[in-house]
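Enquirer: I'm passing along coords.cif; it holds mmCIF, C-alpha atoms.
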```cif
data_my_file
#
loop_
_atom_site.label_atom_id
_atom_site.label_comp_id
_atom_site.auth_asym_id
_atom_site.auth_seq_id
_atom_site.Cartn_x
_atom_site.Cartn_y
_atom_site.Cartn_z
CA MET A 1 80.63 110.22 111.29
CA THR A 2 81.80 113.23 109.31
CA GLU A 3 82.77 113.28 105.68
CA ARG A 4 84.67 116.05 103.92
CA ILE A 5 83.17 117.10 100.60
CA ALA A 6 85.31 119.18 98.28
CA VAL A 7 83.34 121.81 96.39
CA VAL A 8 85.60 124.64 95.17
CA GLU A 9 82.83 126.59 93.56
CA LYS A 10 82.27 130.29 93.22
CA ILE A 11 79.59 131.43 95.62
CA MET A 12 78.40 134.08 93.18
CA GLY A 13 78.23 131.60 90.32
CA ALA A 14 74.51 132.17 89.70
CA ASN A 15 75.01 135.79 88.58
CA GLU A 16 77.95 134.76 86.41
CA ARG A 17 75.89 132.10 84.67
CA LEU A 18 73.11 134.60 83.94
CA ALA A 19 75.70 137.10 82.69
CA ASP A 20 76.92 134.44 80.27
CA GLN A 21 73.35 133.94 79.14
CA ASN A 22 72.96 137.69 78.53
CA ARG A 23 76.16 137.62 76.55
CA ARG A 24 74.99 134.79 74.31
CA ARG A 25 71.79 136.65 73.70
CA LEU A 26 73.70 139.77 72.67
CA ASP A 27 75.98 137.77 70.39
CA ASP A 28 73.01 136.04 68.76
CA SER A 29 71.64 139.45 67.83
CA GLY A 30 74.96 140.95 66.76
CA VAL A 31 74.99 143.55 69.55
CA ILE A 32 78.19 144.88 71.13
CA ALA A 33 77.59 145.83 74.77
CA ILE A 34 79.72 147.98 77.06
CA ASN A 35 79.26 148.34 80.85
CA LEU A 36 80.15 151.85 82.02
CA MET A 37 81.09 152.17 85.69
CA ALA A 38 82.28 155.15 87.72
CA SER A 39 81.77 157.22 90.83
CA PRO A 40 78.68 159.45 90.79
CA GLY A 41 79.48 162.54 88.76
CA ALA A 42 82.57 161.23 86.96
CA GLY A 43 80.89 161.58 83.58
CA LYS A 44 79.13 158.35 82.59
CA THR A 45 76.06 160.09 81.20
CA SER A 46 78.08 162.87 79.59
CA LEU A 47 80.23 160.31 77.81
CA ILE A 48 77.08 158.53 76.65
CA GLU A 49 75.63 161.77 75.30
CA ARG A 50 78.82 162.55 73.41
CA THR A 51 79.09 158.99 72.11
CA VAL A 52 75.49 158.73 70.96
CA THR A 53 75.70 162.08 69.20
CA ALA A 54 78.85 161.06 67.34
CA LEU A 55 77.89 157.49 66.41
CA ARG A 56 74.13 157.76 66.00
CA PRO A 57 74.20 158.68 62.29
CA THR A 58 75.88 155.37 61.51
CA TYR A 59 74.96 153.00 64.33
CA ALA A 60 71.75 152.15 66.18
CA ILE A 61 72.44 152.70 69.86
CA ALA A 62 70.47 151.54 72.89
CA VAL A 63 71.15 152.51 76.47
CA ILE A 64 70.16 150.63 79.61
CA ASP A 65 70.51 153.02 82.51
CA GLY A 66 70.66 151.82 86.13
CA ASP A 67 69.89 154.23 88.93
CA VAL A 68 68.40 153.97 92.37
CA ALA A 69 65.93 156.69 91.50
CA THR A 70 64.71 158.93 88.63
CA GLY A 71 64.77 158.55 84.87
CA ILE A 72 67.12 161.50 84.45
CA ASP A 73 69.95 159.65 82.76
CA ALA A 74 67.77 157.58 80.40
CA ALA A 75 66.09 160.83 79.36
CA ARG A 76 69.46 162.39 78.55
CA ALA A 77 70.42 159.34 76.47
CA ALA A 78 67.11 159.45 74.63
CA GLU A 79 67.54 163.18 74.00
CA ALA A 80 70.87 162.45 72.35
CA GLY A 81 69.20 159.91 70.05
CA ALA A 82 69.49 156.52 71.75
CA THR A 83 66.73 154.05 72.51
CA ALA A 84 66.80 154.28 76.28
CA VAL A 85 65.55 151.95 78.99
CA GLN A 86 65.64 153.03 82.63
CA ILE A 87 66.07 150.40 85.33
CA ASN A 88 65.40 151.67 88.85
CA THR A 89 67.19 149.26 91.09
CA GLY A 90 64.95 149.60 94.11
CA GLY A 91 67.83 150.62 96.36
CA GLU A 92 70.39 148.17 95.04
CA CYS A 93 73.68 149.95 94.52
CA HIS A 94 74.73 148.16 91.35
CA LEU A 95 73.21 146.50 88.32
CA ASP A 96 73.27 142.72 88.23
CA ALA A 97 72.70 140.21 85.44
CA VAL A 98 69.02 139.82 86.35
CA MET A 99 68.33 143.53 85.92
CA VAL A 100 70.21 143.64 82.64
CA GLN A 101 68.20 140.67 81.42
CA GLU A 102 65.05 142.68 82.19
CA GLY A 103 66.50 145.59 80.20
CA LEU A 104 67.28 143.33 77.25
CA ASP A 105 63.68 142.11 77.33
CA GLN A 106 62.56 145.68 76.67
CA LEU A 107 64.70 146.13 73.57
CA ASP A 108 64.43 144.89 70.00
CA LEU A 109 68.02 143.62 69.98
CA LYS A 110 68.00 142.76 66.29
CA SER A 111 67.78 146.47 65.52
CA VAL A 112 70.59 147.51 67.92
CA ASP A 113 74.28 147.77 67.03
CA LEU A 114 75.73 149.16 70.27
CA LEU A 115 74.27 148.71 73.76
CA ILE A 116 75.63 151.03 76.43
CA ILE A 117 74.85 149.90 79.97
CA GLU A 118 75.23 152.76 82.41
CA ASN A 119 75.80 151.23 85.82
CA VAL A 120 74.88 152.83 89.14
CA GLY A 121 77.47 155.36 90.33
CA ASN A 122 79.67 153.25 92.61
CA LEU A 123 83.35 152.21 92.57
CA ILE A 124 82.93 149.06 94.64
CA CYS A 125 79.93 146.86 94.03
CA PRO A 126 79.60 146.86 90.23
CA ALA A 127 83.02 145.22 89.99
CA GLY A 128 81.61 142.12 91.65
CA PHE A 129 78.62 141.64 89.37
CA PRO A 130 79.37 140.78 85.75
CA LEU A 131 76.50 141.65 83.41
CA GLY A 132 77.45 139.91 80.18
CA ALA A 133 78.90 142.99 78.44
CA HIS A 134 81.77 142.62 75.98
CA LYS A 135 83.75 145.40 77.63
CA ASN A 136 83.76 146.60 81.23
CA ILE A 137 84.83 150.24 81.25
CA LEU A 138 85.74 152.47 84.20
CA ILE A 139 85.49 156.24 83.94
CA ALA A 140 87.84 157.96 86.38
CA SER A 141 87.82 161.76 86.58
CA ILE A 142 90.57 164.23 87.46
CA PRO A 143 88.81 165.94 90.41
CA GLU A 144 88.38 162.56 92.15
CA GLY A 145 92.12 162.44 92.82
CA ASP A 146 95.07 160.29 91.87
CA ASP A 147 94.90 157.69 94.64
CA LYS A 148 91.77 155.88 93.47
CA PRO A 149 93.52 152.85 91.89
CA TYR A 150 95.11 152.13 95.29
CA LYS A 151 91.86 152.60 97.17
CA TYR A 152 89.62 150.68 94.78
CA PRO A 153 91.81 147.84 93.50
CA GLY A 154 88.91 145.50 92.78
CA MET A 155 87.41 147.91 90.28
CA TYR A 156 90.69 148.91 88.62
CA LYS A 157 91.73 145.30 88.30
CA GLY A 158 88.41 144.16 86.88
CA VAL A 159 87.97 146.45 83.88
CA ASP A 160 89.10 146.15 80.25
CA THR A 161 89.30 149.84 79.50
CA LEU A 162 89.78 153.10 81.39
CA VAL A 163 88.53 156.56 80.44
CA ILE A 164 90.06 159.49 82.34
CA ASN A 165 87.52 162.29 82.07
CA LYS A 166 87.71 166.02 82.86
CA ILE A 167 91.33 166.36 81.73
CA ASP A 168 90.50 170.00 81.05
CA LEU A 169 90.62 170.47 84.84
CA ARG A 170 94.24 169.34 85.25
CA PRO A 171 95.60 172.90 85.65
CA TYR A 172 93.19 173.52 88.53
CA VAL A 173 93.42 170.41 90.73
CA ASP A 174 96.26 168.41 92.29
CA PHE A 175 96.58 165.19 90.32
CA ASP A 176 99.88 163.32 90.00
CA MET A 177 99.37 161.42 86.77
CA ASP A 178 102.53 159.32 87.27
CA TYR A 179 101.32 158.14 90.68
CA PHE A 180 97.89 157.39 89.23
CA GLN A 181 99.31 155.50 86.25
CA ARG A 182 101.64 153.42 88.44
CA GLY A 183 98.66 152.24 90.46
CA VAL A 184 96.75 151.39 87.31
CA GLU A 185 99.71 149.59 85.74
CA THR A 186 100.23 147.41 88.80
CA LEU A 187 96.66 146.22 88.96
CA ASN A 188 96.00 146.06 85.26
CA PRO A 189 99.16 146.10 83.15
CA GLY A 190 98.68 147.65 79.73
CA LEU A 191 95.12 148.78 80.46
CA LEU A 192 93.76 150.59 77.41
CA THR A 193 93.28 154.20 78.53
CA PHE A 194 91.51 157.19 76.95
CA PRO A 195 92.18 160.62 78.47
CA VAL A 196 89.20 162.79 77.46
CA SER A 197 87.18 165.85 78.27
CA CYS A 198 83.47 165.48 77.62
CA LYS A 199 83.24 169.23 78.08
CA THR A 200 85.83 170.38 75.54
CA GLY A 201 85.76 167.29 73.30
CA GLU A 202 89.47 166.60 73.71
CA GLY A 203 90.36 162.92 73.27
CA LEU A 204 86.88 161.85 72.16
CA VAL A 205 87.87 161.10 68.56
CA ALA A 206 90.16 158.30 69.76
CA TRP A 207 87.38 156.94 71.98
CA HIS A 208 84.81 156.96 69.17
CA THR A 209 87.29 155.41 66.76
CA TRP A 210 87.93 152.58 69.17
CA LEU A 211 84.20 151.95 69.61
CA LYS A 212 83.83 151.80 65.84
CA THR A 213 86.50 149.10 65.66
CA LEU A 214 84.46 147.07 68.17
CA LEU A 215 81.39 147.52 66.00
CA SER A 216 82.97 146.62 62.69
CA MET B 217 79.60 144.12 100.36
CA HIS B 218 76.10 142.69 100.12
CA GLU B 219 76.75 140.13 102.78
CA LEU B 220 73.09 139.17 103.19
CA SER B 221 72.61 138.24 99.54
CA VAL B 222 75.98 136.51 99.29
CA THR B 223 75.28 134.60 102.50
CA GLN B 224 71.99 133.49 100.99
CA ALA B 225 73.86 132.36 97.87
CA LEU B 226 76.31 130.49 100.10
CA LEU B 227 73.47 128.82 102.02
CA ASP B 228 71.74 127.76 98.80
CA LEU B 229 74.95 126.24 97.48
CA VAL B 230 75.74 124.44 100.76
CA VAL B 231 72.22 122.99 101.07
CA GLU B 232 72.32 121.84 97.44
CA ARG B 233 75.68 120.09 97.85
CA ALA B 234 74.67 118.54 101.16
CA ALA B 235 71.49 117.15 99.61
CA ALA B 236 73.46 115.75 96.68
CA ALA B 237 75.69 113.96 99.18
CA GLN B 238 72.62 112.72 101.11
CA ALA B 239 73.93 114.40 104.21
CA ALA B 240 71.75 114.75 107.29
CA ARG B 241 73.71 117.66 108.66
CA VAL B 242 76.48 120.05 107.72
CA THR B 243 78.97 120.59 110.54
CA ASP B 244 81.67 122.79 109.00
CA ILE B 245 81.92 125.02 105.95
CA TYR B 246 85.21 126.18 104.44
CA ILE B 247 85.24 129.49 102.58
CA GLU B 248 88.04 131.34 100.83
CA ILE B 249 87.73 135.13 100.49
CA GLY B 250 90.25 137.20 98.56
CA GLN B 251 91.29 140.65 99.64
CA LEU B 252 90.01 142.15 96.42
CA ALA B 253 86.62 140.48 96.80
CA SER B 254 85.24 142.94 99.38
CA TYR B 255 83.40 140.54 101.68
CA VAL B 256 83.60 140.77 105.45
CA ASP B 257 83.79 137.50 107.43
CA GLU B 258 81.98 138.81 110.48
CA SER B 259 79.09 140.08 108.39
CA VAL B 260 78.74 136.77 106.55
CA GLN B 261 78.74 134.99 109.93
CA PHE B 262 76.16 137.43 111.25
CA TYR B 263 73.73 136.81 108.39
CA TRP B 264 74.48 133.10 108.41
CA ASP B 265 73.30 132.86 112.00
CA LEU B 266 70.09 134.61 110.96
CA ILE B 267 69.16 132.62 107.87
CA SER B 268 70.53 129.08 108.25
CA GLY B 269 67.96 128.01 110.84
CA GLY B 270 65.72 125.12 109.74
CA THR B 271 68.15 123.90 107.09
CA ALA B 272 70.60 121.00 107.10
CA ALA B 273 73.30 123.62 107.60
CA GLU B 274 71.87 125.09 110.78
CA GLY B 275 74.57 125.43 113.39
CA ALA B 276 77.39 124.74 110.93
CA LYS B 277 80.65 126.44 111.76
CA LEU B 278 81.97 128.78 109.09
CA HIS B 279 85.74 128.76 108.54
CA PHE B 280 87.15 131.69 106.61
CA GLN B 281 90.50 131.63 104.89
CA ARG B 282 91.54 135.07 103.73
CA THR B 283 93.63 135.23 100.61
CA PRO B 284 95.57 138.47 100.62
CA MET B 285 96.22 140.29 97.37
CA SER B 286 99.40 138.86 96.01
CA LEU B 287 101.72 140.64 93.63
CA GLU B 288 104.58 139.29 91.52
CA CYS B 289 107.47 141.41 90.40
CA THR B 290 107.91 141.03 86.65
CA GLY B 291 111.52 142.09 87.07
CA CYS B 292 112.96 139.71 89.67
CA GLY B 293 110.05 137.27 90.17
CA THR B 294 109.55 138.01 93.87
CA THR B 295 106.00 137.48 95.10
CA PHE B 296 104.80 139.66 97.94
CA GLN B 297 101.81 141.31 99.52
CA PRO B 298 101.52 145.07 99.15
CA ASP B 299 101.63 147.10 102.34
CA GLY B 300 98.93 149.57 101.33
CA GLU B 301 99.88 152.56 99.25
CA THR B 302 102.92 151.36 97.37
CA PHE B 303 103.01 148.35 95.12
CA SER B 304 106.74 148.36 94.40
CA CYS B 305 108.81 145.20 94.79
CA PRO B 306 110.40 144.95 98.25
CA ALA B 307 113.35 143.03 96.81
CA CYS B 308 114.44 145.14 93.84
CA GLY B 309 112.23 148.23 94.06
CA SER B 310 110.72 147.74 90.61
CA GLN B 311 107.26 149.11 90.02
CA GLN B 312 106.58 146.64 87.23
CA VAL B 313 104.44 144.26 89.25
CA GLN B 314 101.33 142.17 88.54
CA VAL B 315 98.43 141.01 90.70
CA THR B 316 98.42 137.22 90.90
CA SER B 317 95.61 136.56 93.38
CA GLY B 318 93.10 138.16 95.71
CA GLY B 319 89.70 138.11 94.04
CA GLU B 320 88.40 134.75 95.18
CA PHE B 321 85.10 134.04 96.94
CA LEU B 322 84.85 130.30 96.98
CA LEU B 323 83.04 127.56 98.81
CA VAL B 324 86.02 125.25 99.19
CA GLY B 325 84.33 122.36 100.96
CA LEU B 326 82.01 121.09 103.67
CA ASP B 327 82.07 118.53 106.43
CA VAL B 328 78.80 116.60 106.61
CA GLU B 329 77.23 113.88 108.68
CA LYS B 330 75.45 111.27 106.68
CA ALA B 331 72.10 109.90 107.82
CA PRO B 332 72.87 107.13 110.36
CA ARG B 333 72.64 103.56 109.06
CA ALA B 334 70.30 101.23 110.86
CA SER B 335 72.35 99.23 113.33
CA LYS B 336 72.32 95.46 113.27
CA VAL B 337 70.44 94.05 116.18
CA GLU B 338 71.99 91.08 117.93
CA VAL B 339 69.42 88.51 118.89
#
```
The structure in this file should be written as structure tokens.

Expert:
Amino acid sequence: MTERIAVVEKIMGANERLADQNRRRLDDSGVIAINLMASPGAGKTSLIERTVTALRPTYAIAVIDGDVATGIDAARAAEAGATAVQINTGGECHLDAVMVQEGLDQLDLKSVDLLIIENVGNLICPAGFPLGAHKNILIASIPEGDDKPYKYPGMYKGVDTLVINKIDLRPYVDFDMDYFQRGVETLNPGLLTFPVSCKTGEGLVAWHTWLKTLLS
Amino acid sequence: MHELSVTQALLDLVVERAAAAQAARVTDIYIEIGQLASYVDESVQFYWDLISGGTAAEGAKLHFQRTPMSLECTGCGTTFQPDGETFSCPACGSQQVQVTSGGEFLLVGLDVEKAPRASKVEV
């Protein structure tokens, strides 16, 4: 005879629990962690380089970089002055809490103020795998087009902060900022947004200032 | 997205809950997937058929309830499902709308068969 058992439990609960554990570990060591997500080429590593260069004199910065292959991005972060750890995901298209835990194991967290986690370039999967960061940040870029909030609602809904990079290219590409912003506002009302250009430096002061408020 | 690893996570959870209930067999599994959660029913079913063999959940039927993304108009309170590109309220046309659901991926429940009790023998 059959019996109905109610469960109502998240199927991906195991990753969430480990993300919570990562978060407690960061908090115990006084580290603020941000998870940077974006399409390939939107400017995650460029933003990291700019950020490390600006904040490094005052804050100790570590970077955990996730990529399917190469140590290219960790090398760029190290060149800018961060303590960099490269995680090669073995084909996995996103970082998960297990991989971040492995990255944390390689760092002396007591001597870190800001941890920047650079996720694998991907607008879909990272949104489904919390890592334990204090802020989940999406970098959109002007050349990608203005319809991305509508096409990737899971990502746009799931982040705390949005950086719009490559604003220096606005005169050269079709990008309806009103259409873009409406999509963002629907999915994530009041989303904190930083329009920047990592190339020209425009908008970066506001971004760095905000990071400093997180660190204070 | 990642249907093999999520199906494995589902199987682990089902087997754990069935064991806790001292069930001999799982017959039906009820899953809720939100539109924003990016999982495909057919792919979960496909991997389920591959990996559930030899467990108490072998042969269990998966039932998927899809939860569409739901929006609520902050102007007039209408709740609706967006039709793709535009998120504006179908009642009043406002673009001030909020997402109220769509990200779920839940094991809602299971139907199990308990181990049969020994039957009383009439002498």

Enquirer: What would the selection look like, as a PyMOL selection string, if the PyMOL selection byres ((chain A) within 10 of (chain B)) were run on the coordinates I just shared?

Expert: chain A and resi 1-15+92-93+124-125+127-128+147+149-155+157-158+179+182-183+185-189

Enquirer: List, as an MDAnalysis selection string, every residue that the PyMOL selection byres ((chain A and resi 58-72) around 10) selects in the file provided.

Expert: chainID A and resid 31:36 45 48 51:57 73:78 81:96 99:100 102:104 106:109 111:121 212 215

Enquirer: Could you check how far CA of Pro284 in chain B sits from CA of Phe262 in chain B, in Å to one decimal?

Expert: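 Separating CA of Pro284 in chain B from CA of Phe262 in chain B is a distance of 22.2 Å.
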
Enquirer: Using only C-alpha atoms, what residues lie at most 12 Å away from (76.2, 133.9, 109.4) (file coordinates), given as a CSV table (one decimal) with C-alpha atoms, keeping the file's coordinate frame?

Expert:
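Contents of the output file selection-v4.csv:
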```
chain,number,residue,atom,x,y,z
B,219,GLU,CA,76.8,140.1,102.8
B,220,LEU,CA,73.1,139.2,103.2
B,221,SER,CA,72.6,138.2,99.5
B,222,VAL,CA,76.0,136.5,99.3
B,223,THR,CA,75.3,134.6,102.5
B,224,GLN,CA,72.0,133.5,101.0
B,225,ALA,CA,73.9,132.4,97.9
B,226,LEU,CA,76.3,130.5,100.1
B,227,LEU,CA,73.5,128.8,102.0
B,245,ILE,CA,81.9,125.0,106.0
B,256,VAL,CA,83.6,140.8,105.4
B,257,ASP,CA,83.8,137.5,107.4
B,258,GLU,CA,82.0,138.8,110.5
B,259,SER,CA,79.1,140.1,108.4
B,260,VAL,CA,78.7,136.8,106.6
B,261,GLN,CA,78.7,135.0,109.9
B,262,PHE,CA,76.2,137.4,111.2
B,263,TYR,CA,73.7,136.8,108.4
B,264,TRP,CA,74.5,133.1,108.4
B,265,ASP,CA,73.3,132.9,112.0
B,266,LEU,CA,70.1,134.6,111.0
B,267,ILE,CA,69.2,132.6,107.9
B,268,SER,CA,70.5,129.1,108.2
B,269,GLY,CA,68.0,128.0,110.8
B,273,ALA,CA,73.3,123.6,107.6
B,274,GLU,CA,71.9,125.1,110.8
B,275,GLY,CA,74.6,125.4,113.4
B,276,ALA,CA,77.4,124.7,110.9
B,277,LYS,CA,80.6,126.4,111.8
B,278,LEU,CA,82.0,128.8,109.1
B,279,HIS,CA,85.7,128.8,108.5
B,280,PHE,CA,87.2,131.7,106.6
```

Enquirer: On this structure, which residues satisfy the PyMOL selection byres ((chain A and resi 174) around 12), written as a PyMOL selection string?

Expert: chain A and resi 142-147+167+169-173+175-177+179-180

Enquirer: Can you pull out every residue within 6 Å of Asn165 in chain A, counting all atoms listed in the file, but drop anything in the same chain fewer than 3 positions away, and send it as a list in words?

Expert: Ser141, Val196 and Ser197 of chain A

Enquirer: Find the distance between CA of Leu131 in chain A and CA of Ala19 in chain A and write it in Å to one decimal.

Expert: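 A separation of 4.7 Å between them.
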
Enquirer: In Å to one decimal, how far is CA of Lys199 in chain A from CA of Gly132 in chain A?

Expert: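 About the pair CA of Gly132 in chain A and CA of Lys199 in chain A: they are 30.0 Å apart.
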
Enquirer: Can you complete the atoms of range 217-233 of chain B to N, CA, C and O atoms and list them as a compact mmCIF listing (two decimals), keeping the file's coordinate frame?

Expert:
```
# COMPACT_ATOMS: atom_id res chain seq x y z
N MET B 217 80.61 143.55 101.23
CA MET B 217 79.60 144.12 100.36
C MET B 217 78.49 143.12 100.13
O MET B 217 78.75 142.00 99.77
N HIS B 218 77.27 143.53 100.41
CA HIS B 218 76.10 142.69 100.12
C HIS B 218 76.14 141.35 100.84
O HIS B 218 75.76 140.33 100.29
N GLU B 219 76.54 141.39 102.07
CA GLU B 219 76.75 140.13 102.78
C GLU B 219 75.48 139.32 102.95
O GLU B 219 75.53 138.10 102.99
N LEU B 220 74.32 139.96 103.04
CA LEU B 220 73.09 139.17 103.19
C LEU B 220 72.85 138.35 101.93
O LEU B 220 72.62 137.14 101.99
N SER B 221 72.93 139.00 100.75
CA SER B 221 72.61 138.24 99.54
C SER B 221 73.70 137.21 99.23
O SER B 221 73.41 136.12 98.74
N VAL B 222 74.95 137.52 99.56
CA VAL B 222 75.98 136.51 99.29
C VAL B 222 75.88 135.36 100.28
O VAL B 222 76.17 134.22 99.95
N THR B 223 75.45 135.68 101.52
CA THR B 223 75.28 134.60 102.50
C THR B 223 74.13 133.70 102.08
O THR B 223 74.19 132.47 102.25
N GLN B 224 73.09 134.30 101.52
CA GLN B 224 71.99 133.49 100.99
C GLN B 224 72.48 132.60 99.86
O GLN B 224 72.12 131.41 99.78
N ALA B 225 73.31 133.15 98.97
CA ALA B 225 73.86 132.36 97.87
C ALA B 225 74.72 131.22 98.42
O ALA B 225 74.69 130.09 97.92
N LEU B 226 75.48 131.51 99.47
CA LEU B 226 76.31 130.49 100.10
C LEU B 226 75.43 129.39 100.69
O LEU B 226 75.68 128.20 100.48
N LEU B 227 74.37 129.78 101.39
CA LEU B 227 73.47 128.82 102.02
C LEU B 227 72.83 127.92 100.96
O LEU B 227 72.77 126.70 101.11
N ASP B 228 72.37 128.54 99.87
CA ASP B 228 71.74 127.76 98.80
C ASP B 228 72.70 126.73 98.25
O ASP B 228 72.33 125.57 98.00
N LEU B 229 73.95 127.14 98.05
CA LEU B 229 74.95 126.24 97.48
C LEU B 229 75.27 125.11 98.47
O LEU B 229 75.37 123.94 98.08
N VAL B 230 75.42 125.44 99.73
CA VAL B 230 75.74 124.44 100.76
C VAL B 230 74.61 123.42 100.87
O VAL B 230 74.85 122.20 100.88
N VAL B 231 73.38 123.89 100.92
CA VAL B 231 72.22 122.99 101.07
C VAL B 231 72.12 122.07 99.86
O VAL B 231 71.85 120.87 99.99
N GLU B 232 72.37 122.63 98.66
CA GLU B 232 72.32 121.84 97.44
C GLU B 232 73.37 120.73 97.46
O GLU B 232 73.09 119.57 97.15
N ARG B 233 74.60 121.08 97.85
CA ARG B 233 75.68 120.09 97.85
C ARG B 233 75.49 119.06 98.95
O ARG B 233 75.82 117.89 98.78
```
